[in-house]
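Participant: Mind looking over this structure? Questions follow.
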Amino acid sequence: MIKELRKKLDTEKVTKEELFEESIKKAKETQKKYNCFVTITDKFKSRASNTLLSGIPYSLKDLYSTSGILTTSSSNILKNYIPVYDSTVYKKLKSAGAVLVGKTVLDELAMGGSGTTGHTGAVKNPHDVTRIAGGSSAGSAASVALGITPFSIGSDTGDSVRKPAAFCGIVGFKPTYGRISRYGMFPFASSLDHVAIFATSVMDCAIVTDVLKGHDKNDMTSLKDDGKAYAETLEKEVKNKKLFYIKEAVSRDAYDEIDANLDIVLNNFDGVLSSVRELGITVDEISIDKALLTAIFPSYMAISCAEATSNNANLNGISFGVREEGNTIEEIMFNSRTKGFSELIKRRFVLGSYILQKENQEKLFLNACRIRRLIVNEINKLFEEYDGFIMPASGGVAPKIGEKTDQLSDKYLILENHLVIGNFGGFPSITVPSGKIERMPIGINITGRVKEDDVVLNIAHQLEKKLKEMV
Amino acid sequence: MIKKEELKKLAEKLMFKMSEEEYETLENEFETIIKQMEKINQLEGISNVEPMTFPFENSGAFLREDEIGDYLTTDEVLSNTKYHLNDQVKVPKVVE
């Protein structure tokens, strides 16, 4: 879509201002029904630039620092925070001439997977307003799915871009850890946080990643640029590539009971595998210790909540955040944090703090970090033979708002949460639409070797083309 | 089973208050979480594994040179608070 818009702009069939106005109009028209935005930009701003993104509208998750523009992280504690500096992502997009349409709603402080916990209300799924868009990058996903902007920048700590992409029927790409600088992105769990991109095609994700990637002196975890232009290598031959899938998540034998939704997801997966094989890619079934797989999600919870508790300690009404009244510094902090955080966030912080208590550290936090190493080692060992793995992005369509799931079931612990592997190992990982169950979209995920973002995008692009032929 | 008193102590350390109702939700939530967490400790030989704190070794990561870079002006810093006096952020008296 970006290339089509570029052509229209270059041949003067449309102006940058008209594109912006059209986006703003859609953003405003859909806001009441879907609640994508915390802030809708009212002024057109675009720097002269000759990149592909010049004049292209986009939206930005409301946890990227934007100088002079409200940045709330969808939390009451930051409801009036106006940063005085730009995140590197925003700076690079500005330099490329891309046009910011709005800042999107997320789960409060990015700690959630539903998109329903932001301080300005729940984001609704563009395909069915009674369902979640997925989170935490909910508004970003919905803004692209609704056609408000051709791309959006989210962030992905567990699956916060790749899962909502599946629920909203779009593409979500999380590059290798450190591929894109996180300077100015409010941290949730620093060892797992990634900048990630939503778009309507793999090509558009590649175009945006090409603009954003590279080392940043302000983020010591950012990688040196690999000098590749991902958008230019998507048409490469994928024949003879090798992928695997995890038996314990997608084999029918793994489940005592298969509900109608899961049945369709597994049938869809079989269909996708046929398409992958038609591309000349080998796909093998691999078995991984179930005890290790079911420990991934609790380990993620332990690591992420522990890191988040520490990362958000500066939201105290003095260093950052809305300051409440108090006679002492302690009182100010207590009152500010009591009023500023929602109940859910407080519960997450208590959990994080519990995990970090001296008596629990060894058993919970350090063992979770050990599980992380075991699963990453296991995957890296498989990557000696395989270029990546392919899996359904979720076990069903977007849940209804408020729907409860059995959080102790194997389906929940493995199939619904395996995307976390991409964050544990920093692997590049992408979700592509793979079909629909009734009206609701589902997606397929491909995850590859660290620093081989080009390979993952290449395979995903070829598969995307193949799957479109099928529809 | 985790006790409410223990949760209250943790919230105190984290510097926020929670209502009695919120503690009840938290107690119930902890039950599920603790059951999930038990899965972490079920793997044989887990204690012999080196904990992993970052996704991979980034040999290119280095500390930046200690040079003056971009910095915020006093006005920029103070624009973030309505409580300031003589170019400083104002807080209640710390030392009596």
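Labels used: A, B, ... for chains in the order of the structure tokens, numbers from 1 for residues in each chain, and numbers from 1 for ligands as shown.
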For range 111-116 of chain A, list every protein, DNA or RNA residue within 7 Å, evaluated using only C-alpha atoms, and leave out those in the same chain fewer than 6 positions away; present the list as a PyMOL selection string.

Facilitator: chain A and resi 122-123+132-138+160

Participant: Using only C-alpha atoms, please write the residues we just selected to a file, as a compact mmCIF listing (two decimals), in the first residue's frame.

Facilitator:
# COMPACT_ATOMS: atom_id res chain seq x y z
CA ALA A 122 -11.31 -0.23 25.60
CA VAL A 123 -10.32 -0.51 21.95
CA ILE A 132 -11.07 -7.24 21.73
CA ALA A 133 -8.55 -5.93 19.22
CA GLY A 134 -5.80 -7.62 21.24
CA GLY A 135 -3.06 -5.87 23.12
CA SER A 136 -1.19 -4.16 24.26
CA SER A 137 -0.79 -2.28 20.94
CA ALA A 138 -4.57 -2.29 20.43
CA SER A 160 1.77 -7.24 21.84

Participant: What's the 12 Å shell around Ile33 in chain B, counting only C-alpha atoms, without same-chain residues fewer than 2 positions away, as a PyMOL selection string?

Facilitator: (chain A and resi 295+297-302+305+347-348+351-352+354-355+364+406-408+413) or (chain B and resi 1-2+26-31+35-40)

Participant: Restricted to C-alpha atoms, what would the selected residues look like written as a PDB file, in the first residue's frame?

Facilitator:
ATOM      1  CA  ALA A 295       6.631 -23.158  31.796  1.00  0.00           C
ATOM      2  CA  PHE A 297       4.129 -18.334  30.018  1.00  0.00           C
ATOM      3  CA  PRO A 298       4.617 -18.346  33.816  1.00  0.00           C
ATOM      4  CA  SER A 299       8.308 -17.577  33.249  1.00  0.00           C
ATOM      5  CA  TYR A 300       7.309 -14.675  31.035  1.00  0.00           C
ATOM      6  CA  MET A 301       4.944 -13.399  33.733  1.00  0.00           C
ATOM      7  CA  ALA A 302       7.672 -13.673  36.374  1.00  0.00           C
ATOM      8  CA  CYS A 305       6.300  -8.302  36.062  1.00  0.00           C
ATOM      9  CA  ARG A 347      -1.816  -6.284  40.960  1.00  0.00           C
ATOM     10  CA  ARG A 348       0.965  -6.758  38.395  1.00  0.00           C
ATOM     11  CA  LEU A 351       3.233  -9.871  41.702  1.00  0.00           C
ATOM     12  CA  GLY A 352       6.535  -8.458  40.418  1.00  0.00           C
ATOM     13  CA  TYR A 354       6.561 -10.824  45.332  1.00  0.00           C
ATOM     14  CA  ILE A 355       8.763 -12.528  42.738  1.00  0.00           C
ATOM     15  CA  LEU A 364      10.618 -17.794  40.926  1.00  0.00           C
ATOM     16  CA  ASP A 406      -8.823 -21.303  31.501  1.00  0.00           C
ATOM     17  CA  GLN A 407      -5.370 -19.994  32.258  1.00  0.00           C
ATOM     18  CA  LEU A 408      -4.112 -23.349  33.473  1.00  0.00           C
ATOM     19  CA  LEU A 413      -0.160 -22.113  28.256  1.00  0.00           C
TER      20      LEU A 413
ATOM     21  CA  MET B   1      -1.878 -19.913  49.832  1.00  0.00           C
ATOM     22  CA  ILE B   2      -0.592 -16.368  50.100  1.00  0.00           C
ATOM     23  CA  LEU B  26      -5.500 -10.221  44.024  1.00  0.00           C
ATOM     24  CA  GLU B  27      -5.703 -13.194  46.388  1.00  0.00           C
ATOM     25  CA  ASN B  28      -7.784 -15.129  43.840  1.00  0.00           C
ATOM     26  CA  GLU B  29      -5.444 -14.143  41.028  1.00  0.00           C
ATOM     27  CA  PHE B  30      -2.430 -15.266  43.028  1.00  0.00           C
ATOM     28  CA  GLU B  31      -3.920 -18.717  43.353  1.00  0.00           C
ATOM     29  CA  LYS B  35      -0.197 -22.762  40.216  1.00  0.00           C
ATOM     30  CA  GLN B  36       1.297 -21.553  36.935  1.00  0.00           C
ATOM     31  CA  MET B  37       4.545 -20.670  38.660  1.00  0.00           C
ATOM     32  CA  GLU B  38       4.808 -24.205  40.052  1.00  0.00           C
ATOM     33  CA  LYS B  39       5.413 -25.300  36.467  1.00  0.00           C
ATOM     34  CA  ILE B  40       8.637 -23.305  36.515  1.00  0.00           C
TER      35      ILE B  40
END

Participant: If you run DSSP on this backbone, which residues of range 59-260 of chain A come out as strand (DSSP E), and could you give them as a PyMOL selection string?

Facilitator: chain A and resi 59-61+99-104+124-125+128-132+151-156+171-174+194-199+242-246

Participant: Chain B residues within 7 Å of chain A, counting only C-alpha atoms: which ones, as a PyMOL selection string?

Facilitator: chain B and resi 10-11+15-17+22+26+36-37+39-41+43+46+49-56+60-64+76+91-92

Participant: Report, in Å with one decimal, the straight-line distance from CA of Gly184 in chain A to CA of Ala393 in chain A.

Facilitator: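 It comes out at 28.6 Å.
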
Participant: Check chain B with DSSP on the backbone and list each residue it calls helix (DSSP H, G or I), as a PyMOL selection string.

Facilitator: chain B and resi 4-13+20-42+46-48+74-78

Participant: Keeping N, CA and C atoms, export the residues of the selection given above as a compact mmCIF listing (two decimals), in the first residue's frame.

Facilitator:
# COMPACT_ATOMS: atom_id res chain seq x y z
N LYS B 4 -3.32 -12.30 52.89
CA LYS B 4 -3.61 -10.91 52.54
C LYS B 4 -2.60 -9.96 53.19
N GLU B 5 -2.19 -10.30 54.42
CA GLU B 5 -1.24 -9.44 55.12
C GLU B 5 0.07 -9.31 54.36
N GLU B 6 0.48 -10.43 53.76
CA GLU B 6 1.72 -10.43 52.99
C GLU B 6 1.58 -9.51 51.76
N LEU B 7 0.41 -9.59 51.12
CA LEU B 7 0.15 -8.74 49.96
C LEU B 7 0.13 -7.27 50.36
N LYS B 8 -0.43 -7.00 51.52
CA LYS B 8 -0.50 -5.62 52.01
C LYS B 8 0.90 -5.05 52.23
N LYS B 9 1.78 -5.90 52.77
CA LYS B 9 3.16 -5.47 53.00
C LYS B 9 3.86 -5.12 51.69
N LEU B 10 3.58 -5.95 50.66
CA LEU B 10 4.20 -5.70 49.35
C LEU B 10 3.70 -4.38 48.76
N ALA B 11 2.38 -4.16 48.87
CA ALA B 11 1.81 -2.91 48.34
C ALA B 11 2.40 -1.70 49.07
N GLU B 12 2.62 -1.86 50.36
CA GLU B 12 3.21 -0.79 51.16
C GLU B 12 4.61 -0.46 50.64
N LYS B 13 5.39 -1.50 50.37
CA LYS B 13 6.75 -1.30 49.84
C LYS B 13 6.69 -0.62 48.48
N GLU B 20 -9.92 -3.18 50.09
CA GLU B 20 -10.12 -4.56 50.55
C GLU B 20 -10.60 -5.44 49.39
N GLU B 21 -11.50 -4.87 48.57
CA GLU B 21 -12.02 -5.61 47.41
C GLU B 21 -10.89 -5.97 46.45
N GLU B 22 -10.00 -5.01 46.25
CA GLU B 22 -8.88 -5.24 45.32
C GLU B 22 -7.96 -6.34 45.84
N TYR B 23 -7.80 -6.40 47.16
CA TYR B 23 -6.97 -7.47 47.73
C TYR B 23 -7.61 -8.83 47.52
N GLU B 24 -8.93 -8.87 47.59
CA GLU B 24 -9.62 -10.14 47.36
C GLU B 24 -9.39 -10.64 45.95
N THR B 25 -9.52 -9.74 44.97
CA THR B 25 -9.25 -10.11 43.57
C THR B 25 -7.81 -10.60 43.44
N LEU B 26 -6.92 -9.88 44.10
CA LEU B 26 -5.50 -10.22 44.02
C LEU B 26 -5.22 -11.60 44.62
N GLU B 27 -5.87 -11.88 45.76
CA GLU B 27 -5.70 -13.19 46.39
C GLU B 27 -6.12 -14.31 45.43
N ASN B 28 -7.29 -14.12 44.79
CA ASN B 28 -7.78 -15.13 43.84
C ASN B 28 -6.83 -15.27 42.66
N GLU B 29 -6.35 -14.13 42.17
CA GLU B 29 -5.44 -14.14 41.03
C GLU B 29 -4.14 -14.87 41.37
N PHE B 30 -3.69 -14.64 42.60
CA PHE B 30 -2.43 -15.27 43.03
C PHE B 30 -2.53 -16.79 43.04
N GLU B 31 -3.73 -17.28 43.32
CA GLU B 31 -3.92 -18.72 43.35
C GLU B 31 -3.57 -19.32 41.99
N THR B 32 -4.13 -18.72 40.92
CA THR B 32 -3.85 -19.20 39.56
C THR B 32 -2.37 -19.01 39.24
N ILE B 33 -1.86 -17.83 39.57
CA ILE B 33 -0.47 -17.52 39.21
C ILE B 33 0.50 -18.47 39.90
N ILE B 34 0.25 -18.73 41.18
CA ILE B 34 1.14 -19.62 41.93
C ILE B 34 1.11 -21.03 41.31
N LYS B 35 -0.10 -21.45 40.88
CA LYS B 35 -0.20 -22.76 40.22
C LYS B 35 0.60 -22.77 38.92
N GLN B 36 0.51 -21.66 38.18
CA GLN B 36 1.30 -21.55 36.93
C GLN B 36 2.79 -21.56 37.25
N MET B 37 3.13 -20.81 38.30
CA MET B 37 4.55 -20.67 38.66
C MET B 37 5.16 -22.02 39.09
N GLU B 38 4.30 -22.88 39.64
CA GLU B 38 4.81 -24.21 40.05
C GLU B 38 5.42 -24.94 38.87
N LYS B 39 4.90 -24.64 37.68
CA LYS B 39 5.41 -25.30 36.47
C LYS B 39 6.88 -24.94 36.22
N ILE B 40 7.26 -23.76 36.71
CA ILE B 40 8.64 -23.31 36.52
C ILE B 40 9.61 -24.23 37.26
N ASN B 41 9.14 -24.73 38.41
CA ASN B 41 10.06 -25.49 39.25
C ASN B 41 10.00 -27.00 39.02
N GLN B 42 9.17 -27.40 38.03
CA GLN B 42 8.99 -28.84 37.81
C GLN B 42 10.08 -29.46 36.96
N ILE B 46 16.83 -27.95 36.91
CA ILE B 46 16.67 -26.53 36.57
C ILE B 46 17.72 -25.65 37.29
N SER B 47 18.05 -26.04 38.53
CA SER B 47 18.95 -25.18 39.30
C SER B 47 20.38 -25.16 38.75
N ASN B 48 20.70 -26.09 37.84
CA ASN B 48 22.06 -26.09 37.28
C ASN B 48 22.21 -25.20 36.05
N THR B 74 17.02 24.21 31.44
CA THR B 74 16.27 24.29 32.71
C THR B 74 14.79 24.54 32.43
N ASP B 75 14.51 25.42 31.47
CA ASP B 75 13.10 25.72 31.15
C ASP B 75 12.37 24.48 30.68
N GLU B 76 13.06 23.67 29.85
CA GLU B 76 12.43 22.45 29.35
C GLU B 76 12.11 21.50 30.50
N VAL B 77 13.07 21.34 31.39
CA VAL B 77 12.87 20.44 32.53
C VAL B 77 11.71 20.94 33.39
N LEU B 78 11.69 22.22 33.65
CA LEU B 78 10.67 22.76 34.56
C LEU B 78 9.28 22.82 33.90

Participant: Ranking A:Ile69, A:Ala249, A:Ile430, A:Leu356 by minimum distance to Asn417 in chain A and counting only C-alpha atoms, which one comes first?

Facilitator: A:Ala249

Participant: My list of candidates is A:Thr71, A:Ser201, A:Leu212, A:Lys411. Which is closest to Lys465 in chain A when distances are computed with only C-alpha atoms?

Facilitator: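 Among the listed residues, A:Ser201 lies closest to Lys465 in chain A.
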
Participant: Using only C-alpha atoms, which protein or nucleic acid residues come within 12 Å of Lys163 in chain A? Drop anything in the same chain fewer than 4 positions from it, and give the result as a count of residues only.

Facilitator: 52
